[in-house]
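**Q** Just coords-v2.cif, nothing more (mmCIF, C-alpha atoms and all ligand atoms):
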data_start
loop_
_atom_site.label_atom_id
_atom_site.label_comp_id
_atom_site.auth_asym_id
_atom_site.auth_seq_id
_atom_site.Cartn_x
_atom_site.Cartn_y
_atom_site.Cartn_z
CA MET T 239 30.99 53.36 71.20
CA ARG T 240 28.97 54.66 68.27
CA SER T 241 28.46 58.40 68.04
CA ILE T 242 25.31 60.22 66.96
CA LEU T 243 24.94 63.86 65.94
CA VAL T 244 21.57 65.41 66.82
CA VAL T 245 21.06 68.40 64.52
CA ASN T 246 18.44 71.11 64.94
CA GLY T 247 17.71 73.72 62.30
CA PRO T 248 16.25 77.20 62.14
CA ASN T 249 14.24 78.67 65.01
CA LEU T 250 14.52 75.55 67.13
CA ASN T 251 16.74 77.55 69.50
CA LEU T 252 13.42 79.18 70.51
CA LEU T 253 11.92 75.91 71.77
CA GLY T 254 10.13 76.27 75.07
CA THR T 255 9.96 80.04 74.81
CA ARG T 256 7.22 80.62 72.18
CA GLN T 257 4.26 78.70 70.69
CA PRO T 258 4.12 76.05 73.46
CA GLU T 259 0.75 74.94 72.05
CA VAL T 260 2.60 73.70 68.95
CA TYR T 261 6.11 72.86 70.19
CA GLY T 262 5.65 72.23 73.93
CA HIS T 263 7.53 73.61 76.92
CA THR T 264 10.81 71.74 76.52
CA THR T 265 13.73 74.05 75.79
CA LEU T 266 16.47 73.17 73.30
CA LYS T 267 18.91 72.67 76.18
CA MET T 268 16.51 70.28 77.94
CA LEU T 269 15.93 68.40 74.68
CA GLU T 270 19.67 68.08 74.02
CA ASP T 271 20.29 66.90 77.61
CA GLN T 272 17.52 64.30 77.25
CA CYS T 273 19.07 63.06 74.00
CA MET T 274 22.51 62.74 75.61
CA ALA T 275 21.09 60.88 78.63
CA HIS T 276 19.00 58.56 76.50
CA GLY T 277 21.93 57.93 74.16
CA GLN T 278 24.03 56.93 77.15
CA SER T 279 21.37 54.43 78.22
CA LEU T 280 21.56 52.92 74.70
CA GLY T 281 25.36 52.86 74.67
CA LEU T 282 25.51 55.71 72.15
CA LYS T 283 27.52 58.89 72.45
CA VAL T 284 25.34 61.88 71.51
CA GLU T 285 26.61 65.26 70.36
CA THR T 286 24.31 68.14 69.46
CA PHE T 287 24.34 71.03 67.02
CA GLN T 288 21.87 73.80 66.23
CA SER T 289 22.03 76.54 63.64
CA ASN T 290 19.67 78.95 61.94
CA SER T 291 21.90 78.97 58.87
CA GLU T 292 21.48 76.50 55.99
CA GLY T 293 25.20 76.65 55.16
CA ALA T 294 26.25 75.94 58.75
CA LEU T 295 23.91 72.93 58.84
CA ILE T 296 25.44 71.63 55.60
CA ASP T 297 28.95 72.12 56.99
CA ALA T 298 28.01 70.21 60.16
CA ILE T 299 26.62 67.34 58.09
CA HIS T 300 29.83 67.22 55.98
CA ALA T 301 31.99 67.25 59.12
CA ALA T 302 29.92 64.42 60.63
CA ARG T 303 31.12 62.03 57.93
CA ASP T 304 34.43 61.21 59.62
CA VAL T 305 33.29 61.63 63.22
CA HIS T 306 29.79 60.23 63.72
CA ASP T 307 27.96 57.03 62.85
CA GLY T 308 24.48 58.49 62.40
CA ILE T 309 22.43 61.68 62.39
CA VAL T 310 19.10 62.65 63.96
CA LEU T 311 17.92 65.71 62.06
CA ASN T 312 15.17 68.23 62.63
CA ALA T 313 15.82 70.57 59.72
CA GLY T 314 12.94 72.86 60.73
CA ALA T 315 11.46 74.73 57.78
CA TYR T 316 14.46 73.77 55.61
CA THR T 317 12.85 70.31 55.58
CA HIS T 318 10.34 71.67 53.07
CA THR T 319 12.70 73.75 50.92
CA SER T 320 16.31 72.59 50.98
CA ILE T 321 17.61 70.50 48.11
CA ALA T 322 21.07 71.50 49.36
CA LEU T 323 20.52 69.76 52.71
CA MET T 324 19.17 66.70 50.92
CA ASP T 325 22.30 66.61 48.72
CA ALA T 326 24.58 66.96 51.75
CA LEU T 327 22.90 64.03 53.49
CA ALA T 328 23.08 61.91 50.34
CA ALA T 329 26.79 62.76 49.99
CA VAL T 330 27.86 61.75 53.50
CA GLN T 331 25.93 58.46 53.37
CA LEU T 332 25.37 58.26 57.12
CA PRO T 333 22.12 56.77 58.43
CA VAL T 334 19.74 59.66 59.08
CA ILE T 335 16.45 59.77 60.98
CA GLU T 336 14.26 62.78 60.23
CA VAL T 337 12.40 64.12 63.25
CA HIS T 338 9.80 66.79 63.92
CA MET T 339 8.19 67.94 67.13
CA SER T 340 4.83 68.49 65.42
CA ASN T 341 2.91 66.19 63.08
CA ILE T 342 3.86 67.93 59.83
CA HIS T 343 1.24 65.89 57.92
CA ALA T 344 -1.59 67.32 60.04
CA ARG T 345 -0.47 70.91 59.39
CA GLU T 346 -0.41 73.20 56.34
CA PRO T 347 0.06 71.46 52.97
CA PHE T 348 3.46 73.11 52.44
CA ARG T 349 4.75 71.19 55.47
CA HIS T 350 3.72 67.82 54.01
CA ARG T 351 6.62 67.72 51.55
CA SER T 352 10.02 66.75 52.93
CA TYR T 353 13.29 66.93 51.00
CA ILE T 354 14.90 65.00 53.87
CA ALA T 355 12.63 61.94 53.75
CA PRO T 356 14.07 60.46 50.51
CA VAL T 357 17.57 60.33 52.02
CA ALA T 358 16.51 59.25 55.54
CA ILE T 359 15.96 55.77 56.95
CA GLY T 360 12.65 57.05 58.25
CA GLN T 361 10.67 59.95 59.62
CA ILE T 362 9.29 60.43 63.15
CA CYS T 363 6.95 63.34 63.81
CA GLY T 364 4.23 64.48 66.15
CA PHE T 365 5.58 63.33 69.51
CA GLY T 366 7.22 66.54 70.69
CA ALA T 367 10.59 66.03 72.36
CA TYR T 368 9.84 62.30 72.49
CA SER T 369 10.27 62.21 68.68
CA TYR T 370 14.03 62.54 69.29
CA ILE T 371 14.04 59.70 71.85
CA LEU T 372 12.20 57.47 69.38
CA ALA T 373 14.74 58.42 66.70
CA LEU T 374 17.65 57.41 68.95
CA ASP T 375 15.90 54.10 69.66
CA ALA T 376 15.45 53.59 65.92
CA LEU T 377 19.12 54.31 65.20
CA ALA T 378 20.24 51.94 67.98
CA ARG T 379 18.01 49.28 66.44
CA HIS T 380 19.39 50.06 62.99
CA PHE T 381 22.94 49.53 64.26
CA GLN T 382 21.99 46.21 65.90
CA GLY T 383 20.50 44.95 62.68
CA ASP T 384 23.41 46.03 60.51
CA ALA T 385 26.83 44.79 61.62
CA SER T 386 28.51 46.94 58.96
CA ALA T 387 26.83 50.19 60.13
O1 LIG F 401 7.63 70.24 64.04
C1 LIG F 401 8.82 70.49 63.83
O2 LIG F 401 9.74 70.05 64.52
C2 LIG F 401 9.20 71.43 62.68
O3 LIG F 401 10.42 70.95 62.10
C3 LIG F 401 9.40 72.78 63.30
C4 LIG F 401 9.65 73.88 62.28
C5 LIG F 401 8.60 73.87 61.17
O4 LIG F 401 8.93 74.82 60.17
C6 LIG F 401 8.48 72.49 60.54
O5 LIG F 401 7.46 72.53 59.57
C7 LIG F 401 8.14 71.44 61.59
C8 LIG F 401 9.62 75.25 62.94
C9 LIG F 401 10.54 75.38 64.10
C10 LIG F 401 10.17 76.63 64.84
O6 LIG F 401 10.51 76.40 66.17
C11 LIG F 401 9.97 77.26 67.08
C12 LIG F 401 10.02 76.86 68.38
C13 LIG F 401 9.49 77.63 69.36
C14 LIG F 401 8.93 78.85 69.03
C15 LIG F 401 8.90 79.27 67.73
C16 LIG F 401 9.43 78.48 66.75
#
Mind converting the file's structure to structure tokens?
**A**
Amino acid sequence: MRSILVVNGPNLNLLGTRQPEVYGHTTLKMLEDQCMAHGQSLGLKVETFQSNSEGALIDAIHAARDVHDGIVLNAGAYTHTSIALMDALAAVQLPVIEVHMSNIHAREPFRHRSYIAPVAIGQICGFGAYSYILALDALARHFQGDASA
């Protein structure tokens, strides 16, 4: 069974507790449970990780290399700033889908740039918690289409 790591970055531990008008009412725990349940329905094992620390996120991405087959990543605001995260993803060479709860392209200009996008298979944003479900579907499809993945 293929294994996917769902990674959430800074402040996403606050999901469901603040700014529901932007990020909805789903808590991080609910989101992670939904990802695990949906992964199971796709025949994928899903593990989750959240940190507010850039270094811890990089360490988790490095550790994923020998354990997981793909990554779903919401890097939070590090999306728009972190060359280090981009380098980590490029180094491990796992298929990555970038996700965001909000539509980053409809928000402030500084959110339009992503350092993750160049090293991701694709980007899904604007669908709230459903962005993660779509990302798992996309990874499952990616694995079907690539026997070597
Ligand atoms: O839309 C997304 O998923 C973001 O990655 C969320 C980041 C933001 O910096 C990105 O531009 C887009 C912010 C995460 C903050 O999460 C909170 C959740 C609830 C309450 C407060 C913050």
**Q** If the limit is 8 Å from any atom of ligand LIG 401 (chain F), counting all atoms listed in the file, which residues qualify? Return them as a ChimeraX atom specification.
**A** /T:247-258,260-261,312-318,337-342,349,363-364,366
**Q** What does the distance from CA of Ser289 in chain T to CA of Arg379 in chain T come to in Å, to one decimal?
**A**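 So the answer is 27.7 Å.
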**Q** Provide the CA of Tyr368 in chain T to CA of Val334 in chain T distance in Å, to one decimal place.
**A** 16.9 Å
**Q** Set the distance at 10 Å and use all atoms listed in the file: which residues neighbour Ile371 in chain T once local chain neighbours fewer than 4 positions away are removed? I'd like the list as a list of chain:residue names.
**A** T:Leu269, T:Gln272, T:Cys273, T:Met274, T:Ala275, T:His276, T:Gly277, T:Val310, T:Val337, T:Ile362, T:Phe365, T:Gly366, T:Ala367, T:Asp375, T:Ala376, T:Leu377
**Q** Go through T:Leu332, T:Leu372, T:Ile321, T:Val284 and flag the residue nearest Asp304 in chain T, using all atoms listed in the file for the distances.
**A** T:Leu332
**Q** Check the smallest atom-to-atom distance from each of T:Ala344, T:Ala326, T:Ile359, T:Leu266 to Ala302 in chain T using all atoms listed in the file, then report the winner.
**A**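 With all atoms listed in the file as the atom set, the closest residue is T:Ala326.
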**Q** In terms of the shortest atom-to-atom distance over all atoms listed in the file, which of T:Leu280, T:Met268, T:Leu311, T:Ile335 is closest to Arg240 in chain T?
**A** T:Leu280
**Q** Rounded to one decimal, what separation in Å do you get between CA of Asp325 in chain T and CA of Tyr353 in chain T?
**A**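 Separating CA of Asp325 in chain T from CA of Tyr353 in chain T is a distance of 9.3 Å.
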**Q** Point out the residue among T:Ile299, T:Val357, T:Leu282, T:Met239 with the least atom-to-atom distance to Ala378 in chain T, counting only C-alpha atoms.
**A**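 The closest residue to Ala378 in chain T is T:Leu282.
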**Q** Please check which residues have atoms at most 6 Å from (29.2, 61.1, 63.7) in the file's coordinates, counting all atoms listed in the file, and write them as a PyMOL selection string.
**A** chain T and resi 241-243+302+305-308
**Q** Taking into account only C-alpha atoms, which residue in the set T:Ile309, T:Leu323, T:Val244, T:Ala373 is nearest to Glu285 in chain T?
**A**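 Going through T:Ile309, T:Leu323, T:Val244, T:Ala373 one by one, the smallest distance to Glu285 in chain T is for T:Val244.
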**Q** What are the centre and edge lengths in Å, to one decimal, of the axis-aligned box around all listed atoms of range 247-256 of chain T with 4 Å added on each side, as lines of an AutoDock Vina configuration file?
**A**
center_x = 12.5
center_y = 77.2
center_z = 68.6
size_x = 18.5
size_y = 14.9
size_z = 20.9
**Q** Find, counting all atoms listed in the file, the residue in T:Lys267, T:Arg303, T:His350, T:His380 that gets nearest to Phe287 in chain T.
**A**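 Of the candidates, the smallest distance to Phe287 in chain T is held by T:Lys267.
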